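**Student:** Quick one, run.cif (mmCIF, C-alpha atoms):
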```cif
data_input
loop_
_atom_site.group_PDB
_atom_site.id
_atom_site.type_symbol
_atom_site.label_atom_id
_atom_site.label_comp_id
_atom_site.auth_asym_id
_atom_site.auth_seq_id
_atom_site.Cartn_x
_atom_site.Cartn_y
_atom_site.Cartn_z
ATOM 1 C CA SER A 8 4.596 46.859 28.008
ATOM 2 C CA PRO A 9 7.285 44.161 28.280
ATOM 3 C CA GLU A 10 9.240 45.656 25.392
ATOM 4 C CA LYS A 11 9.856 48.736 27.558
ATOM 5 C CA ILE A 12 11.446 46.890 30.499
ATOM 6 C CA GLY A 13 15.009 48.070 31.008
ATOM 7 C CA PRO A 14 17.850 47.198 33.388
ATOM 8 C CA SER A 15 17.220 47.820 37.062
ATOM 9 C CA ALA A 16 20.672 49.353 37.521
ATOM 10 C CA PRO A 17 23.066 51.017 35.090
ATOM 11 C CA CYS A 18 25.953 49.150 33.580
ATOM 12 C CA PRO A 19 29.203 49.796 35.489
ATOM 13 C CA ASP A 20 31.263 52.552 33.862
ATOM 14 C CA ASP A 21 34.276 50.266 33.640
ATOM 15 C CA PHE A 22 32.369 47.160 32.467
ATOM 16 C CA ASP A 23 34.105 46.981 29.086
ATOM 17 C CA ALA A 24 37.489 47.849 30.561
ATOM 18 C CA PHE A 25 37.131 45.085 33.159
ATOM 19 C CA TRP A 26 36.284 42.425 30.596
ATOM 20 C CA LYS A 27 39.000 43.647 28.240
ATOM 21 C CA ALA A 28 41.471 43.136 31.074
ATOM 22 C CA LYS A 29 40.106 39.656 31.811
ATOM 23 C CA LEU A 30 40.389 38.660 28.153
ATOM 24 C CA ALA A 31 43.991 39.875 28.227
ATOM 25 C CA GLU A 32 44.584 37.713 31.301
ATOM 26 C CA LEU A 33 43.133 34.756 29.426
ATOM 27 C CA ALA A 34 45.192 35.470 26.303
ATOM 28 C CA ALA A 35 48.357 35.344 28.413
ATOM 29 C CA VAL A 36 47.611 31.664 29.129
ATOM 30 C CA PRO A 37 48.164 29.407 26.094
ATOM 31 C CA ALA A 38 45.041 27.346 25.357
ATOM 32 C CA ASN A 39 47.110 24.192 24.833
ATOM 33 C CA PRO A 40 44.135 22.103 23.589
ATOM 34 C CA ARG A 41 44.471 18.369 24.155
ATOM 35 C CA LEU A 42 42.132 16.218 22.085
ATOM 36 C CA GLU A 43 41.490 12.584 22.876
ATOM 37 C CA PRO A 44 39.476 10.715 20.220
ATOM 38 C CA ALA A 45 36.970 8.234 21.623
ATOM 39 C CA ASP A 46 33.991 6.134 20.614
ATOM 40 C CA GLY A 47 30.936 8.341 20.319
ATOM 41 C CA GLY A 48 28.598 5.453 19.592
ATOM 42 C CA ARG A 49 27.242 7.099 16.441
ATOM 43 C CA ALA A 50 27.920 5.945 12.884
ATOM 44 C CA GLY A 51 29.425 8.550 10.589
ATOM 45 C CA VAL A 52 30.501 10.795 13.470
ATOM 46 C CA GLU A 53 33.939 11.523 14.924
ATOM 47 C CA TYR A 54 33.914 12.091 18.689
ATOM 48 C CA GLY A 55 36.380 12.874 21.422
ATOM 49 C CA ARG A 56 37.161 14.686 24.660
ATOM 50 C CA ILE A 57 39.019 17.963 24.988
ATOM 51 C CA VAL A 58 40.926 19.761 27.748
ATOM 52 C CA MET A 59 42.208 23.335 27.510
ATOM 53 C CA ASP A 60 43.998 25.604 29.944
ATOM 54 C CA ASN A 61 42.229 28.561 31.536
ATOM 55 C CA ILE A 62 43.143 31.388 33.901
ATOM 56 C CA ARG A 63 44.852 30.892 37.264
ATOM 57 C CA GLY A 64 45.756 27.242 36.802
ATOM 58 C CA THR A 65 42.241 26.054 35.957
ATOM 59 C CA ARG A 66 41.132 23.960 33.004
ATOM 60 C CA ILE A 67 38.251 23.657 30.575
ATOM 61 C CA HIS A 68 36.828 20.184 29.984
ATOM 62 C CA GLY A 69 34.431 19.134 27.281
ATOM 63 C CA GLN A 70 33.596 16.947 24.341
ATOM 64 C CA TRP A 71 33.536 17.502 20.593
ATOM 65 C CA ALA A 72 32.053 15.800 17.576
ATOM 66 C CA ARG A 73 31.837 16.325 13.833
ATOM 67 C CA PRO A 74 30.606 14.387 10.829
ATOM 68 C CA LYS A 75 33.292 12.230 9.264
ATOM 69 C CA ASP A 76 32.577 13.857 5.920
ATOM 70 C CA GLY A 77 32.867 17.564 5.187
ATOM 71 C CA ALA A 78 35.898 19.832 4.981
ATOM 72 C CA LYS A 79 34.241 23.038 6.206
ATOM 73 C CA LEU A 80 31.444 22.947 8.778
ATOM 74 C CA PRO A 81 29.192 25.332 10.720
ATOM 75 C CA ALA A 82 30.043 25.351 14.425
ATOM 76 C CA MET A 83 27.854 24.951 17.481
ATOM 77 C CA LEU A 84 28.964 25.721 21.044
ATOM 78 C CA ILE A 85 26.776 24.024 23.659
ATOM 79 C CA VAL A 86 26.900 25.283 27.247
ATOM 80 C CA GLN A 87 25.363 23.742 30.336
ATOM 81 C CA TRP A 88 22.554 24.414 32.782
ATOM 82 C CA ALA A 89 23.198 24.636 36.518
ATOM 83 C CA GLY A 90 24.324 21.723 38.622
ATOM 84 C CA VAL A 91 27.246 19.329 38.802
ATOM 85 C CA TYR A 92 26.869 16.361 36.465
ATOM 86 C CA PRO A 93 28.545 14.528 33.563
ATOM 87 C CA LEU A 94 28.106 15.314 29.886
ATOM 88 C CA GLN A 95 26.193 12.926 27.645
ATOM 89 C CA LYS A 96 27.774 11.948 24.325
ATOM 90 C CA ASN A 97 24.624 12.511 22.306
ATOM 91 C CA TRP A 98 24.674 16.205 23.253
ATOM 92 C CA VAL A 99 27.385 16.580 20.596
ATOM 93 C CA THR A 100 26.940 13.495 18.430
ATOM 94 C CA ASP A 101 23.328 14.382 17.569
ATOM 95 C CA PRO A 102 24.192 17.821 16.108
ATOM 96 C CA ALA A 103 27.314 16.351 14.478
ATOM 97 C CA ALA A 104 25.128 13.801 12.688
ATOM 98 C CA GLU A 105 23.189 16.776 11.290
ATOM 99 C CA GLY A 106 26.349 18.369 9.912
ATOM 100 C CA TRP A 107 27.652 20.499 12.782
ATOM 101 C CA LEU A 108 31.109 20.862 14.254
ATOM 102 C CA ALA A 109 29.926 20.648 17.874
ATOM 103 C CA LEU A 110 31.723 21.534 21.093
ATOM 104 C CA ASN A 111 30.112 21.019 24.505
ATOM 105 C CA ILE A 112 31.950 22.263 27.603
ATOM 106 C CA MET A 113 31.556 21.687 31.316
ATOM 107 C CA ALA A 114 30.631 24.668 33.467
ATOM 108 C CA HIS A 115 33.149 23.404 36.038
ATOM 109 C CA ASP A 116 36.804 22.428 36.122
ATOM 110 C CA LEU A 117 35.877 18.744 36.186
ATOM 111 C CA PRO A 118 36.265 15.816 33.777
ATOM 112 C CA PRO A 119 33.048 15.221 31.828
ATOM 113 C CA ASP A 120 32.711 11.459 32.067
ATOM 114 C CA ARG A 121 33.167 10.249 35.616
ATOM 115 C CA PRO A 122 30.599 8.107 37.503
ATOM 116 C CA GLN A 123 27.633 9.933 39.001
ATOM 117 C CA GLU A 124 29.008 9.405 42.516
ATOM 118 C CA PHE A 125 31.990 11.605 41.625
ATOM 119 C CA TYR A 126 29.765 14.558 40.750
ATOM 120 C CA LYS A 127 27.635 14.077 43.852
ATOM 121 C CA GLU A 128 30.769 14.254 45.996
ATOM 122 C CA GLN A 129 31.776 17.478 44.253
ATOM 123 C CA SER A 130 28.284 18.948 44.601
ATOM 124 C CA ASP A 131 28.120 18.072 48.285
ATOM 125 C CA GLY A 132 31.712 19.161 48.891
ATOM 126 C CA PRO A 133 33.896 21.802 47.193
ATOM 127 C CA LEU A 134 31.183 22.884 44.735
ATOM 128 C CA LYS A 135 28.327 23.088 47.210
ATOM 129 C CA ASP A 136 26.432 26.313 46.491
ATOM 130 C CA TYR A 137 29.055 27.122 43.855
ATOM 131 C CA PRO A 138 27.213 30.209 42.499
ATOM 132 C CA GLY A 139 28.054 32.035 45.713
ATOM 133 C CA ILE A 140 31.752 31.159 45.765
ATOM 134 C CA GLY A 141 33.771 34.395 45.783
ATOM 135 C CA ASN A 142 30.768 36.544 44.903
ATOM 136 C CA GLU A 143 31.848 39.524 47.008
ATOM 137 C CA ASP A 144 34.455 40.453 44.397
ATOM 138 C CA ARG A 145 34.390 40.468 40.604
ATOM 139 C CA GLU A 146 37.948 39.068 40.657
ATOM 140 C CA THR A 147 37.027 36.018 42.722
ATOM 141 C CA SER A 148 33.511 35.174 41.537
ATOM 142 C CA TYR A 149 33.109 31.540 40.512
ATOM 143 C CA PHE A 150 31.565 32.798 37.282
ATOM 144 C CA LEU A 151 34.731 34.563 36.130
ATOM 145 C CA ARG A 152 36.409 31.282 35.226
ATOM 146 C CA MET A 153 33.143 29.975 33.737
ATOM 147 C CA TYR A 154 32.662 33.021 31.492
ATOM 148 C CA LEU A 155 36.243 32.878 30.262
ATOM 149 C CA SER A 156 35.823 29.162 29.561
ATOM 150 C CA CYS A 157 33.092 30.064 27.073
ATOM 151 C CA TYR A 158 35.301 32.657 25.430
ATOM 152 C CA ARG A 159 38.166 30.215 25.038
ATOM 153 C CA ALA A 160 35.800 27.581 23.653
ATOM 154 C CA ALA A 161 34.574 30.021 20.989
ATOM 155 C CA GLU A 162 38.162 30.980 20.205
ATOM 156 C CA TYR A 163 39.054 27.310 19.802
ATOM 157 C CA LEU A 164 36.197 26.711 17.350
ATOM 158 C CA ALA A 165 37.100 29.836 15.392
ATOM 159 C CA GLY A 166 40.677 28.596 15.060
ATOM 160 C CA ARG A 167 39.835 25.144 13.726
ATOM 161 C CA THR A 168 40.603 24.586 10.066
ATOM 162 C CA ASP A 169 37.329 22.684 9.588
ATOM 163 C CA TRP A 170 35.150 25.627 10.707
ATOM 164 C CA ASP A 171 33.441 27.241 7.732
ATOM 165 C CA GLY A 172 34.256 30.745 8.974
ATOM 166 C CA ARG A 173 30.634 31.860 8.618
ATOM 167 C CA THR A 174 28.351 30.221 11.181
ATOM 168 C CA MET A 175 28.946 29.822 14.910
ATOM 169 C CA VAL A 176 25.857 29.261 17.038
ATOM 170 C CA VAL A 177 25.852 29.152 20.841
ATOM 171 C CA THR A 178 23.009 27.500 22.707
ATOM 172 C CA GLY A 179 21.985 26.536 26.222
ATOM 173 C CA GLY A 180 19.223 26.655 28.790
ATOM 174 C CA SER A 181 19.027 28.318 32.211
ATOM 175 C CA GLN A 182 22.681 28.703 33.288
ATOM 176 C CA GLY A 183 23.468 27.697 29.708
ATOM 177 C CA GLY A 184 21.206 30.501 28.485
ATOM 178 C CA LEU A 185 23.144 32.858 30.730
ATOM 179 C CA GLN A 186 26.410 31.718 29.146
ATOM 180 C CA SER A 187 24.925 31.883 25.643
ATOM 181 C CA ILE A 188 23.868 35.529 25.882
ATOM 182 C CA MET A 189 27.055 36.446 27.707
ATOM 183 C CA ILE A 190 29.400 34.976 25.108
ATOM 184 C CA ALA A 191 27.359 36.348 22.209
ATOM 185 C CA GLY A 192 27.938 39.781 23.710
ATOM 186 C CA LEU A 193 31.611 39.177 24.406
ATOM 187 C CA HIS A 194 32.876 37.232 21.378
ATOM 188 C CA PRO A 195 32.573 38.756 17.887
ATOM 189 C CA LYS A 196 32.607 35.407 16.040
ATOM 190 C CA ILE A 197 29.255 34.255 17.467
ATOM 191 C CA THR A 198 26.732 34.603 14.622
ATOM 192 C CA ALA A 199 23.543 33.452 16.399
ATOM 193 C CA LEU A 200 22.365 32.474 19.855
ATOM 194 C CA MET A 201 19.572 30.341 21.229
ATOM 195 C CA ALA A 202 18.797 30.683 24.937
ATOM 196 C CA SER A 203 16.017 28.918 26.804
ATOM 197 C CA VAL A 204 14.839 30.447 30.119
ATOM 198 C CA PRO A 205 18.205 32.211 30.558
ATOM 199 C CA ALA A 206 19.521 32.743 34.066
ATOM 200 C CA GLY A 207 21.639 35.636 35.295
ATOM 201 C CA CYS A 208 19.315 38.396 34.052
ATOM 202 C CA ASP A 209 18.917 41.567 36.097
ATOM 203 C CA HIS A 210 20.743 40.650 39.302
ATOM 204 C CA THR A 211 19.730 43.993 40.796
ATOM 205 C CA GLY A 212 16.037 43.484 39.976
ATOM 206 C CA PRO A 213 14.843 44.247 43.543
ATOM 207 C CA MET A 214 16.080 47.814 43.075
ATOM 208 C CA ALA A 215 13.253 48.174 40.541
ATOM 209 C CA GLY A 216 10.723 46.173 42.527
ATOM 210 C CA ARG A 217 11.118 42.886 40.665
ATOM 211 C CA ALA A 218 12.738 39.515 41.336
ATOM 212 C CA PRO A 219 16.346 38.909 40.308
ATOM 213 C CA GLY A 220 17.336 36.062 38.059
ATOM 214 C CA TRP A 221 19.094 32.932 39.287
ATOM 215 C CA PRO A 222 21.329 32.667 41.282
ATOM 216 C CA GLY A 223 19.637 35.466 43.224
ATOM 217 C CA TRP A 224 22.822 37.074 44.510
ATOM 218 C CA TYR A 225 20.920 40.157 45.644
ATOM 219 C CA TYR A 226 19.387 38.215 48.534
ATOM 220 C CA LYS A 227 22.036 35.548 49.131
ATOM 221 C CA THR A 228 24.350 37.645 51.230
ATOM 222 C CA ASP A 229 24.371 35.892 54.623
ATOM 223 C CA GLY A 230 27.721 36.445 56.319
ATOM 224 C CA ARG A 231 28.897 38.659 53.484
ATOM 225 C CA ASP A 232 29.030 42.332 52.642
ATOM 226 C CA ALA A 233 25.741 42.757 50.770
ATOM 227 C CA ALA A 234 26.865 45.929 49.027
ATOM 228 C CA LYS A 235 29.967 44.218 47.667
ATOM 229 C CA VAL A 236 27.982 41.193 46.452
ATOM 230 C CA ARG A 237 25.488 43.382 44.639
ATOM 231 C CA ASP A 238 28.167 45.559 43.091
ATOM 232 C CA ALA A 239 30.165 42.546 41.867
ATOM 233 C CA SER A 240 27.025 40.988 40.388
ATOM 234 C CA ARG A 241 26.668 43.874 37.946
ATOM 235 C CA TYR A 242 29.806 42.752 36.100
ATOM 236 C CA PHE A 243 28.262 39.322 35.481
ATOM 237 C CA ASP A 244 24.723 40.495 34.711
ATOM 238 C CA VAL A 245 23.429 39.103 31.420
ATOM 239 C CA VAL A 246 21.475 42.330 30.836
ATOM 240 C CA HIS A 247 24.724 44.228 30.324
ATOM 241 C CA PHE A 248 26.204 41.589 28.012
ATOM 242 C CA ALA A 249 22.931 41.557 26.065
ATOM 243 C CA ALA A 250 23.420 45.227 25.238
ATOM 244 C CA ARG A 251 26.502 44.140 23.290
ATOM 245 C CA VAL A 252 24.807 41.321 21.349
ATOM 246 C CA LYS A 253 24.606 42.140 17.636
ATOM 247 C CA CYS A 254 23.782 38.710 16.211
ATOM 248 C CA PRO A 255 20.267 37.251 15.808
ATOM 249 C CA ALA A 256 18.844 35.711 18.984
ATOM 250 C CA LEU A 257 16.086 33.237 19.789
ATOM 251 C CA VAL A 258 15.069 33.414 23.457
ATOM 252 C CA GLY A 259 12.430 31.370 25.269
ATOM 253 C CA LEU A 260 10.882 32.450 28.564
ATOM 254 C CA GLY A 261 8.050 31.388 30.850
ATOM 255 C CA LEU A 262 5.715 33.928 32.408
ATOM 256 C CA ILE A 263 5.494 31.983 35.693
ATOM 257 C CA ASP A 264 9.182 31.081 35.854
ATOM 258 C CA GLN A 265 10.296 31.901 39.394
ATOM 259 C CA THR A 266 13.892 30.778 38.842
ATOM 260 C CA CYS A 267 14.562 33.022 35.859
ATOM 261 C CA PRO A 268 11.762 35.593 36.096
ATOM 262 C CA PRO A 269 10.463 36.912 32.776
ATOM 263 C CA ALA A 270 10.917 40.606 33.600
ATOM 264 C CA GLY A 271 14.688 40.183 33.749
ATOM 265 C CA VAL A 272 14.729 38.135 30.548
ATOM 266 C CA PHE A 273 12.724 40.845 28.784
ATOM 267 C CA ALA A 274 15.181 43.420 30.120
ATOM 268 C CA ALA A 275 18.007 41.457 28.505
ATOM 269 C CA CYS A 276 16.201 40.924 25.193
ATOM 270 C CA ASN A 277 15.265 44.598 24.979
ATOM 271 C CA ARG A 278 18.921 45.565 25.198
ATOM 272 C CA MET A 279 20.090 43.452 22.267
ATOM 273 C CA GLN A 280 21.259 45.321 19.183
ATOM 274 C CA GLY A 281 20.434 42.507 16.758
ATOM 275 C CA PRO A 282 17.064 40.927 15.952
ATOM 276 C CA CYS A 283 15.629 38.992 18.893
ATOM 277 C CA GLU A 284 12.719 36.601 18.593
ATOM 278 C CA ARG A 285 11.065 35.910 21.948
ATOM 279 C CA VAL A 286 9.111 32.701 22.473
ATOM 280 C CA VAL A 287 6.778 33.497 25.374
ATOM 281 C CA LEU A 288 5.101 30.610 27.209
ATOM 282 C CA PRO A 289 2.228 32.146 29.243
ATOM 283 C CA ARG A 290 1.958 29.083 31.475
ATOM 284 C CA GLY A 291 5.612 28.140 31.308
ATOM 285 C CA ASP A 292 7.615 27.627 34.482
ATOM 286 C CA HIS A 293 11.344 26.878 34.657
ATOM 287 C CA GLY A 294 10.731 23.233 33.796
ATOM 288 C CA GLY A 295 8.907 24.142 30.617
ATOM 289 C CA SER A 296 5.214 24.121 31.427
ATOM 290 C CA ALA A 297 2.765 24.410 34.280
ATOM 291 C CA GLY A 298 0.327 22.086 32.543
#
```
Kindly transcribe the structure held in the file into structure tokens.

**Tutor:**
Amino acid sequence: SPEKIGPSAPCPDDFDAFWKAKLAELAAVPANPRLEPADGGRAGVEYGRIVMDNIRGTRIHGQWARPKDGAKLPAMLIVQWAGVYPLQKNWVTDPAAEGWLALNIMAHDLPPDRPQEFYKEQSDGPLKDYPGIGNEDRETSYFLRMYLSCYRAAEYLAGRTDWDGRTMVVTGGSQGGLQSIMIAGLHPKITALMASVPAGCDHTGPMAGRAPGWPGWYYKTDGRDAAKVRDASRYFDVVHFAARVKCPALVGLGLIDQTCPPAGVFAACNRMQGPCERVVLPRGDHGGSAG
């Protein structure tokens, strides 16, 4: 009975109060968007890079694109899967060519278009095992800045004069699916979400005898206070954001996905207030298929 799977632990009593306070912290920092037009390599499409300010001296980096024609456009926010890597231009120019105002942001405070060696140095250095950075405290978790980046990105799209004011879709896979469900639950202007094998679902899964979703904070507690890690994880758990999602959702999951186990994804989908279509791949792993 997958439709009966619920969260493995209750939502923190002060979940909404915490995120309200974090959004207030973000609002106190002017977004200060800086747009740099560039060559997107696609006829009929405007393209450029964007930088915005975020909490505690950090920045949001990304890329945008839109068709050259059209005064009012539907918006698409594209968020990224796990890892440290550059953004590809076609990730925004392709949807722009189909009529979208597209914004694609980095998960990290890094420029989006450096050589691959740059990202390898970051992955091997300061961002090594980044999901665990600061995870003993909800105030220091690496994901706090990432989540607020998504909120600011949605706010930026909503404030553009070329947004049609009606349609704002967020989409991503794995870590991007995590961000998609999270922001759909946190930002009222999101009108639809598409999440493929979303991460971050049911961090406390082992309390109910099932595996937690990536990044598996429940078990990754070496040298740390396990109780604090597990308590902090509840404030970033997609299951609790899903309970606040009111827009339509399209969610894909694989029944043999060991990175983002299906039980946690079902737990998130079952909490959504809006219509949720689940695409279940019986032989699907985290890469898409087991053959």

**Student:** Measuring between only C-alpha atoms, which one of A:Gln265, A:Ser130, A:Ser187, A:Thr174 shows the shortest distance to Gly220 of chain A?

**Tutor:** A:Gln265

**Student:** How many Å separate atom CA of Asp229 of chain A from atom CA of Tyr137 of chain A?

**Tutor:** 14.7 Å

**Student:** Just want the 7 Å neighbourhood of Pro14 of chain A, counted on all atoms listed in the file, with same-chain residues fewer than 4 positions away dropped. Output as a ChimeraX atom specification.

**Tutor:** /A:209,246,274

**Student:** Applied to this file, what does the PyMOL selection byres ((chain A and resi 55) around 6) return in terms of residues, put as a PyMOL selection string?

**Tutor:** chain A and resi 43-45+54+56+70-71

**Student:** Can those selected residues be exported to a file as a compact mmCIF listing (two decimals), keeping the file's coordinate frame so that it contains C-alpha atoms?

**Tutor:**
```txt
# COMPACT_ATOMS: atom_id res chain seq x y z
CA GLU A 43 41.49 12.58 22.88
CA PRO A 44 39.48 10.72 20.22
CA ALA A 45 36.97 8.23 21.62
CA TYR A 54 33.91 12.09 18.69
CA ARG A 56 37.16 14.69 24.66
CA GLN A 70 33.60 16.95 24.34
CA TRP A 71 33.54 17.50 20.59
```

**Student:** Can you work out the spacing between atom CA of Glu53 of chain A and atom CA of Asp76 of chain A in Å, to one decimal?

**Tutor:**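 Computing it gives 9.4 Å between the two atoms.
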
**Student:** Could you write out as a PyMOL selection string the residues that the PyMOL selection byres ((chain A and resi 197) around 12) matches in the shown file?

**Tutor:** chain A and resi 81-84+157-158+160-162+164-165+172-178+187-196+198-201+251-256

**Student:** Write out, as a tab-separated table (two decimals), in the frame of the given file, the residues just selected, with C-alpha atoms.

**Tutor:**
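For reference, selection_21.tsv as written:
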```tsv
chain	number	residue	atom	x	y	z
A	81	PRO	CA	29.19	25.33	10.72
A	82	ALA	CA	30.04	25.35	14.42
A	83	MET	CA	27.85	24.95	17.48
A	84	LEU	CA	28.96	25.72	21.04
A	157	CYS	CA	33.09	30.06	27.07
A	158	TYR	CA	35.30	32.66	25.43
A	160	ALA	CA	35.80	27.58	23.65
A	161	ALA	CA	34.57	30.02	20.99
A	162	GLU	CA	38.16	30.98	20.20
A	164	LEU	CA	36.20	26.71	17.35
A	165	ALA	CA	37.10	29.84	15.39
A	172	GLY	CA	34.26	30.74	8.97
A	173	ARG	CA	30.63	31.86	8.62
A	174	THR	CA	28.35	30.22	11.18
A	175	MET	CA	28.95	29.82	14.91
A	176	VAL	CA	25.86	29.26	17.04
A	177	VAL	CA	25.85	29.15	20.84
A	178	THR	CA	23.01	27.50	22.71
A	187	SER	CA	24.92	31.88	25.64
A	188	ILE	CA	23.87	35.53	25.88
A	189	MET	CA	27.06	36.45	27.71
A	190	ILE	CA	29.40	34.98	25.11
A	191	ALA	CA	27.36	36.35	22.21
A	192	GLY	CA	27.94	39.78	23.71
A	193	LEU	CA	31.61	39.18	24.41
A	194	HIS	CA	32.88	37.23	21.38
A	195	PRO	CA	32.57	38.76	17.89
A	196	LYS	CA	32.61	35.41	16.04
A	198	THR	CA	26.73	34.60	14.62
A	199	ALA	CA	23.54	33.45	16.40
A	200	LEU	CA	22.36	32.47	19.86
A	201	MET	CA	19.57	30.34	21.23
A	251	ARG	CA	26.50	44.14	23.29
A	252	VAL	CA	24.81	41.32	21.35
A	253	LYS	CA	24.61	42.14	17.64
A	254	CYS	CA	23.78	38.71	16.21
A	255	PRO	CA	20.27	37.25	15.81
A	256	ALA	CA	18.84	35.71	18.98
```

**Student:** Taking into account only C-alpha atoms, which residue in the set A:Gly48, A:Pro40, A:Pro205, A:Gly281 is nearest to Asn61 of chain A?

**Tutor:**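 Under the stated criterion, the closest residue is A:Pro40.
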
**Student:** Step by step, work through what the PyMOL selection byres ((chain A and resi 106) around 9) selects in the shown file, and finish by giving those residues as number ranges by chain.

**Tutor:** A: 73-74, 76-77, 80-81, 102-105, 107-108

**Student:** Point out the residue among A:Ala239, A:Ala275, A:Leu257, A:Met59 with the least atom-to-atom distance to Asp144 of chain A, counting only C-alpha atoms.

**Tutor:**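 Going through A:Ala239, A:Ala275, A:Leu257, A:Met59 one by one, the smallest distance to Asp144 of chain A is for A:Ala239.
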
**Student:** Do a neighbour search on Asp264 of chain A at 9 Å with only C-alpha atoms, toss out local chain neighbours closer than 2 positions, and write the hits as a list in words.

**Tutor:** Val204, Leu260, Gly261, Leu262, Thr266, Cys267, Pro268, Pro269, Arg290, Gly291, Asp292, His293, Gly294 and Gly295 of chain A

**Student:** Up to 10 Å from (29.3, 44.7, 33.9) in the file's coordinates: name the residues, counting all atoms listed in the file, as a PyMOL selection string.

**Tutor:** chain A and resi 17-26+145+238-248

**Student:** Using atom CA of Pro219 of chain A and atom CA of Ile62 of chain A as the two end points, give the distance in Å to one decimal.

**Tutor:** 28.6 Å

**Student:** Please list as a ChimeraX atom specification every residue within 10 Å of Val58 of chain A, counting all atoms listed in the file and excluding residues in the same chain fewer than 5 positions away.

**Tutor:** /A:38-43,66-70,112,116-119
